[in-house]
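**Student:** Next comes the structure file start-v5.txt, holding compact mmCIF, N, CA, C and O atoms.
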# COMPACT_ATOMS: atom_id res chain seq x y z
N MET A 1 78.75 -3.99 246.57
CA MET A 1 79.07 -3.06 245.51
C MET A 1 77.90 -2.10 245.32
O MET A 1 76.74 -2.50 245.37
N LEU A 2 78.22 -0.84 245.09
CA LEU A 2 77.20 0.17 244.85
C LEU A 2 76.65 0.06 243.43
O LEU A 2 77.37 -0.30 242.50
N ARG A 3 75.37 0.36 243.28
CA ARG A 3 74.77 0.56 241.95
C ARG A 3 74.47 2.04 241.89
O ARG A 3 73.68 2.55 242.67
N ILE A 4 75.13 2.71 240.97
CA ILE A 4 75.05 4.17 240.88
C ILE A 4 74.28 4.55 239.62
O ILE A 4 74.53 4.03 238.54
N TYR A 5 73.37 5.51 239.79
CA TYR A 5 72.59 6.02 238.68
C TYR A 5 73.37 7.16 238.02
O TYR A 5 73.77 8.11 238.69
N CYS A 6 73.59 7.07 236.72
CA CYS A 6 74.25 8.15 235.99
C CYS A 6 73.18 9.08 235.44
O CYS A 6 72.32 8.64 234.65
N PRO A 7 73.19 10.35 235.84
CA PRO A 7 72.15 11.27 235.37
C PRO A 7 72.27 11.63 233.88
O PRO A 7 71.34 12.17 233.31
N TYR A 8 73.41 11.32 233.27
CA TYR A 8 73.59 11.60 231.85
C TYR A 8 73.16 10.39 231.00
O TYR A 8 72.46 10.55 230.01
N CYS A 9 73.59 9.21 231.39
CA CYS A 9 73.20 7.99 230.67
C CYS A 9 71.77 7.56 231.04
O CYS A 9 71.16 6.78 230.32
N GLU A 10 71.30 8.05 232.19
CA GLU A 10 69.97 7.75 232.71
C GLU A 10 69.75 6.27 232.95
O GLU A 10 68.71 5.70 232.58
N GLU A 11 70.74 5.64 233.59
CA GLU A 11 70.60 4.23 233.98
C GLU A 11 71.51 3.90 235.14
O GLU A 11 72.50 4.59 235.39
N HIS A 12 71.14 2.86 235.88
CA HIS A 12 71.96 2.38 236.99
C HIS A 12 73.05 1.45 236.45
O HIS A 12 72.76 0.62 235.58
N ARG A 13 74.27 1.63 236.98
CA ARG A 13 75.39 0.77 236.57
C ARG A 13 76.18 0.38 237.81
O ARG A 13 76.09 1.02 238.85
N GLU A 14 77.00 -0.65 237.69
CA GLU A 14 77.82 -1.12 238.79
C GLU A 14 78.93 -0.12 239.10
O GLU A 14 79.43 0.58 238.21
N GLU A 15 79.32 -0.07 240.35
CA GLU A 15 80.34 0.87 240.85
C GLU A 15 81.65 0.80 240.08
O GLU A 15 82.33 1.81 239.91
N ASP A 16 82.02 -0.38 239.60
CA ASP A 16 83.33 -0.51 238.93
C ASP A 16 83.38 0.22 237.57
O ASP A 16 84.44 0.34 236.98
N GLU A 17 82.24 0.74 237.09
CA GLU A 17 82.25 1.57 235.88
C GLU A 17 82.63 3.01 236.18
O GLU A 17 82.83 3.80 235.26
N TYR A 18 82.70 3.36 237.46
CA TYR A 18 82.90 4.74 237.87
C TYR A 18 84.23 4.92 238.60
O TYR A 18 84.79 3.97 239.12
N THR A 19 84.70 6.16 238.63
CA THR A 19 85.88 6.53 239.40
C THR A 19 85.46 7.61 240.38
O THR A 19 84.81 8.59 239.99
N TYR A 20 85.83 7.43 241.64
CA TYR A 20 85.53 8.41 242.68
C TYR A 20 86.35 9.67 242.44
O TYR A 20 87.54 9.60 242.18
N GLY A 21 85.73 10.84 242.54
CA GLY A 21 86.43 12.09 242.25
C GLY A 21 86.62 12.99 243.45
O GLY A 21 87.06 14.12 243.29
N GLY A 22 86.27 12.53 244.64
CA GLY A 22 86.47 13.34 245.83
C GLY A 22 85.24 14.13 246.23
O GLY A 22 84.16 13.99 245.66
N GLU A 23 85.42 14.98 247.21
CA GLU A 23 84.33 15.80 247.74
C GLU A 23 83.81 16.76 246.66
O GLU A 23 84.59 17.38 245.95
N ALA A 24 82.50 16.88 246.57
CA ALA A 24 81.88 17.78 245.60
C ALA A 24 81.83 19.21 246.13
O ALA A 24 81.95 19.43 247.34
N HIS A 25 81.65 20.13 245.24
CA HIS A 25 81.45 21.55 245.54
C HIS A 25 82.68 22.22 246.17
O HIS A 25 82.54 23.14 246.96
N ILE A 26 83.88 21.78 245.80
CA ILE A 26 85.11 22.45 246.23
C ILE A 26 85.39 23.54 245.20
O ILE A 26 85.54 23.28 244.02
N VAL A 27 85.43 24.77 245.67
CA VAL A 27 85.63 25.91 244.77
C VAL A 27 87.12 26.20 244.63
O VAL A 27 87.81 26.41 245.63
N ARG A 28 87.61 26.20 243.39
CA ARG A 28 89.01 26.51 243.13
C ARG A 28 89.26 27.99 243.40
O ARG A 28 88.46 28.83 243.01
N PRO A 29 90.38 28.32 244.03
CA PRO A 29 90.69 29.74 244.29
C PRO A 29 90.79 30.53 242.99
O PRO A 29 91.30 30.03 241.99
N GLN A 30 90.31 31.79 243.01
CA GLN A 30 90.35 32.65 241.83
C GLN A 30 91.77 32.89 241.34
O GLN A 30 92.04 32.87 240.16
N ASP A 31 92.69 33.16 242.29
CA ASP A 31 94.08 33.45 241.94
C ASP A 31 95.00 32.57 242.79
O ASP A 31 95.48 33.00 243.84
N PRO A 32 95.27 31.34 242.35
CA PRO A 32 96.10 30.43 243.13
C PRO A 32 97.48 31.00 243.45
O PRO A 32 98.05 30.72 244.51
N ASN A 33 98.04 31.83 242.57
CA ASN A 33 99.37 32.39 242.80
C ASN A 33 99.40 33.37 243.97
O ASN A 33 100.47 33.66 244.52
N ALA A 34 98.25 33.89 244.36
CA ALA A 34 98.18 34.84 245.47
C ALA A 34 98.09 34.14 246.83
O ALA A 34 98.19 34.79 247.86
N LEU A 35 97.94 32.82 246.82
CA LEU A 35 97.80 32.08 248.08
C LEU A 35 99.16 31.77 248.70
O LEU A 35 100.13 31.52 247.99
N SER A 36 99.17 31.72 250.01
CA SER A 36 100.38 31.26 250.70
C SER A 36 100.46 29.74 250.55
O SER A 36 99.49 29.09 250.15
N ASP A 37 101.61 29.18 250.89
CA ASP A 37 101.75 27.72 250.83
C ASP A 37 100.74 27.04 251.74
O ASP A 37 100.16 26.00 251.39
N LYS A 38 100.49 27.63 252.90
CA LYS A 38 99.53 27.05 253.85
C LYS A 38 98.11 27.08 253.26
O LYS A 38 97.39 26.08 253.34
N GLU A 39 97.72 28.20 252.65
CA GLU A 39 96.39 28.31 252.05
C GLU A 39 96.24 27.34 250.87
O GLU A 39 95.21 26.69 250.71
N TRP A 40 97.27 27.22 250.04
CA TRP A 40 97.23 26.31 248.89
C TRP A 40 97.15 24.86 249.38
O TRP A 40 96.38 24.06 248.86
N GLY A 41 97.93 24.53 250.39
CA GLY A 41 97.89 23.19 250.97
C GLY A 41 96.51 22.87 251.53
O GLY A 41 96.01 21.76 251.39
N HIS A 42 95.90 23.85 252.18
CA HIS A 42 94.55 23.65 252.72
C HIS A 42 93.57 23.37 251.59
O HIS A 42 92.74 22.46 251.69
N TYR A 43 93.65 24.12 250.50
CA TYR A 43 92.77 23.89 249.36
C TYR A 43 92.97 22.48 248.78
O TYR A 43 92.02 21.78 248.47
N LEU A 44 94.20 22.06 248.63
CA LEU A 44 94.51 20.78 248.01
C LEU A 44 94.14 19.57 248.86
O LEU A 44 93.66 18.56 248.34
N PHE A 45 94.39 19.66 250.17
CA PHE A 45 94.36 18.45 250.99
C PHE A 45 93.29 18.39 252.07
O PHE A 45 93.00 17.31 252.56
N HIS A 46 92.72 19.49 252.48
CA HIS A 46 91.77 19.47 253.59
C HIS A 46 90.35 19.29 253.07
O HIS A 46 89.85 20.11 252.31
N ARG A 47 89.73 18.20 253.51
CA ARG A 47 88.35 17.90 253.13
C ARG A 47 87.56 17.60 254.40
O ARG A 47 88.12 17.32 255.45
N LYS A 48 86.24 17.64 254.28
CA LYS A 48 85.38 17.49 255.45
C LYS A 48 85.39 16.08 256.04
O LYS A 48 85.31 15.93 257.25
N ASN A 49 85.43 15.04 255.21
CA ASN A 49 85.44 13.65 255.68
C ASN A 49 84.29 13.39 256.66
O ASN A 49 84.47 12.92 257.77
N ILE A 50 83.10 13.70 256.21
CA ILE A 50 81.89 13.63 257.03
C ILE A 50 81.49 12.19 257.30
O ILE A 50 81.53 11.34 256.42
N LYS A 51 81.05 11.94 258.51
CA LYS A 51 80.43 10.66 258.85
C LYS A 51 78.94 10.88 258.72
O LYS A 51 78.34 11.62 259.48
N GLY A 52 78.35 10.30 257.70
CA GLY A 52 76.93 10.51 257.42
C GLY A 52 76.74 10.99 255.99
O GLY A 52 77.48 10.60 255.09
N SER A 53 75.77 11.86 255.77
CA SER A 53 75.43 12.33 254.44
C SER A 53 76.53 13.24 253.89
O SER A 53 76.90 14.23 254.51
N HIS A 54 77.05 12.88 252.72
CA HIS A 54 78.23 13.55 252.16
C HIS A 54 78.06 13.68 250.65
O HIS A 54 77.59 12.75 250.00
N ARG A 55 78.46 14.82 250.10
CA ARG A 55 78.36 15.03 248.65
C ARG A 55 79.71 14.78 247.98
O ARG A 55 80.72 15.33 248.40
N GLU A 56 79.66 13.96 246.94
CA GLU A 56 80.89 13.51 246.26
C GLU A 56 80.76 13.69 244.75
O GLU A 56 79.66 13.71 244.22
N MET A 57 81.90 13.77 244.08
CA MET A 57 81.94 13.75 242.62
C MET A 57 82.29 12.32 242.18
O MET A 57 83.14 11.67 242.79
N TRP A 58 81.66 11.88 241.12
CA TRP A 58 81.98 10.60 240.50
C TRP A 58 82.14 10.82 239.00
O TRP A 58 81.54 11.73 238.42
N PHE A 59 82.94 9.99 238.37
CA PHE A 59 83.22 10.07 236.94
C PHE A 59 82.80 8.76 236.30
O PHE A 59 83.22 7.68 236.74
N HIS A 60 81.96 8.81 235.28
CA HIS A 60 81.49 7.59 234.60
C HIS A 60 82.51 7.19 233.54
O HIS A 60 82.37 7.46 232.36
N ALA A 61 83.56 6.53 234.00
CA ALA A 61 84.71 6.19 233.16
C ALA A 61 84.37 5.19 232.04
O ALA A 61 84.91 5.28 230.95
N ALA A 62 83.48 4.23 232.31
CA ALA A 62 83.16 3.21 231.32
C ALA A 62 81.86 3.52 230.57
O ALA A 62 81.34 2.66 229.87
N GLY A 63 81.38 4.75 230.72
CA GLY A 63 80.14 5.13 230.05
C GLY A 63 80.30 6.45 229.32
O GLY A 63 81.15 6.59 228.44
N CYS A 64 79.56 7.45 229.75
CA CYS A 64 79.53 8.75 229.06
C CYS A 64 80.77 9.60 229.31
O CYS A 64 80.95 10.61 228.64
N ARG A 65 81.61 9.21 230.26
CA ARG A 65 82.86 9.91 230.60
C ARG A 65 82.60 11.33 231.10
O ARG A 65 83.33 12.25 230.80
N LYS A 66 81.54 11.48 231.89
CA LYS A 66 81.20 12.78 232.49
C LYS A 66 81.22 12.69 234.00
O LYS A 66 80.95 11.63 234.57
N PHE A 67 81.52 13.82 234.63
CA PHE A 67 81.44 13.93 236.08
C PHE A 67 80.02 14.28 236.49
O PHE A 67 79.31 14.98 235.77
N PHE A 68 79.61 13.79 237.66
CA PHE A 68 78.33 14.15 238.26
C PHE A 68 78.48 14.03 239.76
O PHE A 68 79.49 13.56 240.27
N ASN A 69 77.48 14.50 240.49
CA ASN A 69 77.55 14.51 241.94
C ASN A 69 76.61 13.47 242.54
O ASN A 69 75.53 13.20 242.00
N VAL A 70 77.06 12.90 243.64
CA VAL A 70 76.28 11.91 244.38
C VAL A 70 76.24 12.33 245.84
O VAL A 70 77.28 12.71 246.40
N GLN A 71 75.08 12.28 246.43
CA GLN A 71 74.99 12.46 247.88
C GLN A 71 74.80 11.07 248.47
O GLN A 71 73.84 10.39 248.15
N ARG A 72 75.79 10.66 249.28
CA ARG A 72 75.83 9.29 249.79
C ARG A 72 76.08 9.32 251.29
O ARG A 72 76.84 10.13 251.79
N ASN A 73 75.44 8.41 251.99
CA ASN A 73 75.68 8.28 253.41
C ASN A 73 76.92 7.41 253.60
O ASN A 73 76.94 6.26 253.16
N THR A 74 77.95 7.96 254.23
CA THR A 74 79.22 7.23 254.36
C THR A 74 79.17 6.14 255.43
O THR A 74 80.10 5.35 255.52
N VAL A 75 78.11 6.10 256.21
CA VAL A 75 77.95 5.05 257.22
C VAL A 75 77.21 3.86 256.63
O VAL A 75 77.64 2.71 256.73
N THR A 76 76.08 4.14 255.95
CA THR A 76 75.23 3.07 255.42
C THR A 76 75.51 2.77 253.94
O THR A 76 75.04 1.77 253.43
N TYR A 77 76.22 3.65 253.27
CA TYR A 77 76.51 3.58 251.83
C TYR A 77 75.28 3.81 250.97
O TYR A 77 75.33 3.65 249.75
N ASP A 78 74.16 4.19 251.57
CA ASP A 78 72.95 4.49 250.79
C ASP A 78 73.16 5.74 249.95
O ASP A 78 73.64 6.76 250.46
N ILE A 79 72.78 5.67 248.69
CA ILE A 79 72.84 6.83 247.82
C ILE A 79 71.53 7.58 247.99
O ILE A 79 70.45 7.03 247.75
N GLU A 80 71.63 8.83 248.43
CA GLU A 80 70.46 9.63 248.75
C GLU A 80 70.01 10.48 247.58
O GLU A 80 68.83 10.81 247.47
N ALA A 81 70.94 10.88 246.72
CA ALA A 81 70.60 11.72 245.56
C ALA A 81 71.74 11.68 244.55
O ALA A 81 72.89 11.45 244.92
N VAL A 82 71.39 11.89 243.29
CA VAL A 82 72.36 11.99 242.20
C VAL A 82 71.94 13.20 241.37
O VAL A 82 70.76 13.38 241.08
N TYR A 83 72.91 14.05 241.02
CA TYR A 83 72.57 15.23 240.23
C TYR A 83 73.78 15.66 239.40
O TYR A 83 74.92 15.37 239.72
N LYS A 84 73.48 16.35 238.30
CA LYS A 84 74.51 16.77 237.36
C LYS A 84 75.37 17.89 237.95
O LYS A 84 74.89 18.68 238.76
N VAL A 85 76.62 17.95 237.52
CA VAL A 85 77.50 19.05 237.91
C VAL A 85 76.88 20.35 237.40
O VAL A 85 76.39 20.42 236.28
N GLY A 86 76.86 21.35 238.25
CA GLY A 86 76.26 22.63 237.90
C GLY A 86 74.82 22.76 238.35
O GLY A 86 74.29 23.86 238.43
N ALA A 87 74.18 21.63 238.63
CA ALA A 87 72.80 21.67 239.14
C ALA A 87 72.83 21.93 240.64
O ALA A 87 73.83 21.65 241.31
N SER A 88 71.76 22.47 241.15
CA SER A 88 71.67 22.71 242.59
C SER A 88 71.62 21.38 243.33
O SER A 88 70.95 20.44 242.89
N ALA A 89 72.31 21.33 244.44
CA ALA A 89 72.27 20.14 245.28
C ALA A 89 70.89 19.99 245.88
O ALA A 89 70.27 20.98 246.28
N PRO A 90 70.37 18.79 245.92
CA PRO A 90 69.03 18.59 246.49
C PRO A 90 69.02 18.87 247.99
O PRO A 90 70.02 18.67 248.68
N ASP A 91 67.90 19.34 248.51
CA ASP A 91 67.75 19.57 249.93
C ASP A 91 67.28 18.27 250.57
O ASP A 91 66.18 17.81 250.31
N THR A 92 68.14 17.67 251.35
CA THR A 92 67.80 16.43 252.05
C THR A 92 67.93 16.66 253.54
O THR A 92 68.86 16.19 254.18
N ASN A 93 67.06 17.47 254.08
CA ASN A 93 67.02 17.81 255.50
C ASN A 93 68.24 18.59 255.96
O ASN A 93 68.58 18.57 257.13
N GLY A 94 68.98 19.20 255.03
CA GLY A 94 70.10 20.03 255.38
C GLY A 94 71.26 19.30 256.02
O GLY A 94 72.08 19.89 256.71
N GLU A 95 71.37 18.00 255.80
CA GLU A 95 72.42 17.22 256.46
C GLU A 95 73.80 17.44 255.85
O GLU A 95 74.80 17.33 256.53
N ALA A 96 73.87 17.71 254.58
CA ALA A 96 75.17 17.90 253.94
C ALA A 96 75.26 19.32 253.41
O ALA A 96 74.30 19.85 252.90
N GLY A 97 76.43 19.91 253.54
CA GLY A 97 76.60 21.27 253.06
C GLY A 97 77.04 21.32 251.62
O GLY A 97 77.75 20.45 251.15
N ALA A 98 76.59 22.33 250.92
CA ALA A 98 76.97 22.49 249.51
C ALA A 98 78.33 23.12 249.39
O ALA A 98 78.81 23.80 250.24
Can you present the structure in this file as structure tokens?
**Tutor:**
Amino acid sequence: MLRIYCPYCEEHREEDEYTYGGEAHIVRPQDPNALSDKEWGHYLFHRKNIKGSHREMWFHAAGCRKFFNVQRNTVTYDIEAVYKVGASAPDTNGEAGA
């Protein structure tokens, strides 16, 4: 089980207190109505699914109830960085894209 640090509560908690929110830094289209079905489908369903260092959103469901970002290695499960939504992603050798 992962122990995840919440940057808002400022403490480590067990993974079961959190809900995975998907890939981080996905930008919502400015005008969704202007997109074709193919473009909208791509926005909704296509994600990078990186093997290695990957940036994800997590939600602290049993704590502060806020979203934050985690950079985690999907092979080793090591958490490399945790940062608040809206903050700049940390530079960790440029392995994961923002």
**Student:** Pick out the residues sitting within 4.5 Å of Ala24 of chain A, and hand them over as a PDB file with N, CA, C and O atoms, in the frame of the given file; count only N, CA, C and O atoms, and ignore anything fewer than 2 positions along from it in its own chain.
**Tutor:**
ATOM      1  N   GLY A  22      86.270  12.530 244.640  1.00  0.00           N
ATOM      2  CA  GLY A  22      86.470  13.340 245.830  1.00  0.00           C
ATOM      3  C   GLY A  22      85.240  14.130 246.230  1.00  0.00           C
ATOM      4  O   GLY A  22      84.160  13.990 245.660  1.00  0.00           O
ATOM      5  N   ILE A  26      83.880  21.780 245.800  1.00  0.00           N
ATOM      6  CA  ILE A  26      85.110  22.450 246.230  1.00  0.00           C
ATOM      7  C   ILE A  26      85.390  23.540 245.200  1.00  0.00           C
ATOM      8  O   ILE A  26      85.540  23.280 244.020  1.00  0.00           O
ATOM      9  N   ARG A  55      78.460  14.820 250.100  1.00  0.00           N
ATOM     10  CA  ARG A  55      78.360  15.030 248.650  1.00  0.00           C
ATOM     11  C   ARG A  55      79.710  14.780 247.980  1.00  0.00           C
ATOM     12  O   ARG A  55      80.720  15.330 248.400  1.00  0.00           O
ATOM     13  N   GLU A  56      79.660  13.960 246.940  1.00  0.00           N
ATOM     14  CA  GLU A  56      80.890  13.510 246.260  1.00  0.00           C
ATOM     15  C   GLU A  56      80.760  13.690 244.750  1.00  0.00           C
ATOM     16  O   GLU A  56      79.660  13.710 244.220  1.00  0.00           O
ATOM     17  N   MET A  57      81.900  13.770 244.080  1.00  0.00           N
ATOM     18  CA  MET A  57      81.940  13.750 242.620  1.00  0.00           C
ATOM     19  C   MET A  57      82.290  12.320 242.180  1.00  0.00           C
ATOM     20  O   MET A  57      83.140  11.670 242.790  1.00  0.00           O
TER      21      MET A  57
END
**Student:** Write out, as a tab-separated table, each residue of segment 6-52 of chain A that has an atom at most 9 Å from segment 78-93 of chain A, together with the closest pair of atoms and their distance in Å to one decimal, counting only C-alpha atoms, rows going by chain and rising number.
**Tutor:**
residue	atom	partner	partner_atom	distance
A:Cys6	CA	A:Val82	CA	7.5
A:Pro7	CA	A:Tyr83	CA	6.3
A:Tyr8	CA	A:Lys84	CA	7.6
A:Ala24	CA	A:Val85	CA	8.9
A:His25	CA	A:Val85	CA	8.9
**Student:** If the box runs along x, y and z of the file and leaves 8 Å on each side of segment 77-82 of chain A, what are its centre and edge lengths in Å, one decimal, as JSON?
**Tutor:**
{"center_x": 72.7, "center_y": 8.5, "center_z": 247.2, "size_x": 23.7, "size_y": 25.8, "size_z": 28.2}
**Student:** As a count of residues only, list the residues of chain A assigned to alpha helix (DSSP H) by DSSP on the backbone atoms of this structure.
**Tutor:** 9
**Student:** For segment 2-4 of chain A, please output as a ChimeraX atom specification all residues within 5 Å (counting only N, CA, C and O atoms; exclusion window: fewer than 6 positions along the same chain).
**Tutor:** /A:11-15
**Student:** Have a look at atom CA of Thr19 of chain A and atom CA of Asn33 of chain A and let me know their distance in Å, one decimal.
**Tutor:** 29.4 Å
**Student:** Since the input is missing atoms, can you rebuild all heavy atoms for segment 48-59 of chain A and write them as a CSV table (one decimal), in the frame of the given file?
**Tutor:**
chain,number,residue,atom,x,y,z
A,48,LYS,N,86.2,17.6,254.3
A,48,LYS,CA,85.4,17.5,255.4
A,48,LYS,C,85.4,16.1,256.0
A,48,LYS,O,85.3,15.9,257.2
A,48,LYS,CB,84.0,17.9,255.1
A,48,LYS,CG,83.8,19.4,254.8
A,48,LYS,CD,82.4,19.7,254.4
A,48,LYS,CE,82.3,21.2,254.0
A,48,LYS,NZ,81.1,21.5,253.3
A,49,ASN,N,85.4,15.0,255.2
A,49,ASN,CA,85.4,13.6,255.7
A,49,ASN,C,84.3,13.4,256.7
A,49,ASN,O,84.5,12.9,257.8
A,49,ASN,CB,86.8,13.3,256.3
A,49,ASN,CG,87.0,11.8,256.4
A,49,ASN,OD1,86.3,11.0,255.7
A,49,ASN,ND2,87.9,11.4,257.3
A,50,ILE,N,83.1,13.7,256.2
A,50,ILE,CA,81.9,13.6,257.0
A,50,ILE,C,81.5,12.2,257.3
A,50,ILE,O,81.5,11.3,256.4
A,50,ILE,CB,80.7,14.4,256.3
A,50,ILE,CG1,81.1,15.9,256.2
A,50,ILE,CG2,79.4,14.1,257.0
A,50,ILE,CD1,80.1,16.6,255.4
A,51,LYS,N,81.0,11.9,258.5
A,51,LYS,CA,80.4,10.7,258.8
A,51,LYS,C,78.9,10.9,258.7
A,51,LYS,O,78.3,11.6,259.5
A,51,LYS,CB,80.8,10.3,260.3
A,51,LYS,CG,80.2,8.9,260.7
A,51,LYS,CD,80.7,8.5,262.1
A,51,LYS,CE,80.1,7.2,262.5
A,51,LYS,NZ,80.5,6.8,263.8
A,52,GLY,N,78.4,10.3,257.7
A,52,GLY,CA,76.9,10.5,257.4
A,52,GLY,C,76.7,11.0,256.0
A,52,GLY,O,77.5,10.6,255.1
A,53,SER,N,75.8,11.9,255.8
A,53,SER,CA,75.4,12.3,254.4
A,53,SER,C,76.5,13.2,253.9
A,53,SER,O,76.9,14.2,254.5
A,53,SER,CB,74.1,13.1,254.5
A,53,SER,OG,73.6,13.4,253.2
A,54,HIS,N,77.0,12.9,252.7
A,54,HIS,CA,78.2,13.6,252.2
A,54,HIS,C,78.1,13.7,250.6
A,54,HIS,O,77.6,12.8,250.0
A,54,HIS,CB,79.5,12.7,252.5
A,54,HIS,CG,80.8,13.2,252.0
A,54,HIS,ND1,81.3,14.4,252.4
A,54,HIS,CD2,81.7,12.7,251.1
A,54,HIS,CE1,82.4,14.6,251.8
A,54,HIS,NE2,82.7,13.6,251.1
A,55,ARG,N,78.5,14.8,250.1
A,55,ARG,CA,78.4,15.0,248.6
A,55,ARG,C,79.7,14.8,248.0
A,55,ARG,O,80.7,15.3,248.4
A,55,ARG,CB,77.8,16.4,248.4
A,55,ARG,CG,76.4,16.6,248.8
A,55,ARG,CD,75.8,17.9,248.5
A,55,ARG,NE,74.4,17.9,248.9
A,55,ARG,CZ,73.8,18.9,249.5
A,55,ARG,NH1,74.5,20.0,249.7
A,55,ARG,NH2,72.6,18.9,249.8
A,56,GLU,N,79.7,14.0,246.9
A,56,GLU,CA,80.9,13.5,246.3
A,56,GLU,C,80.8,13.7,244.8
A,56,GLU,O,79.7,13.7,244.2
A,56,GLU,CB,81.1,12.0,246.5
A,56,GLU,CG,81.0,11.6,248.0
A,56,GLU,CD,80.9,10.1,248.1
A,56,GLU,OE1,80.3,9.4,247.3
A,56,GLU,OE2,81.4,9.6,249.2
A,57,MET,N,81.9,13.8,244.1
A,57,MET,CA,81.9,13.8,242.6
A,57,MET,C,82.3,12.3,242.2
A,57,MET,O,83.1,11.7,242.8
A,57,MET,CB,83.0,14.7,242.1
A,57,MET,CG,82.6,16.1,242.0
A,57,MET,SD,83.8,17.1,241.0
A,57,MET,CE,85.4,16.4,241.4
A,58,TRP,N,81.7,11.9,241.1
A,58,TRP,CA,82.0,10.6,240.5
A,58,TRP,C,82.1,10.8,239.0
A,58,TRP,O,81.5,11.7,238.4
A,58,TRP,CB,80.9,9.6,240.8
A,58,TRP,CG,80.9,9.1,242.2
A,58,TRP,CD1,80.4,9.7,243.3
A,58,TRP,CD2,81.4,7.8,242.6
A,58,TRP,NE1,80.6,8.9,244.4
A,58,TRP,CE2,81.2,7.8,244.0
A,58,TRP,CE3,82.1,6.8,242.0
A,58,TRP,CZ2,81.6,6.7,244.8
A,58,TRP,CZ3,82.5,5.7,242.8
A,58,TRP,CH2,82.2,5.6,244.2
A,59,PHE,N,82.9,10.0,238.4
A,59,PHE,CA,83.2,10.1,236.9
A,59,PHE,C,82.8,8.8,236.3
A,59,PHE,O,83.2,7.7,236.7
A,59,PHE,CB,84.7,10.3,236.7
A,59,PHE,CG,85.1,10.4,235.3
A,59,PHE,CD1,84.7,11.4,234.5
A,59,PHE,CD2,86.0,9.4,234.8
A,59,PHE,CE1,85.1,11.4,233.1
A,59,PHE,CE2,86.4,9.4,233.5
A,59,PHE,CZ,85.9,10.4,232.6
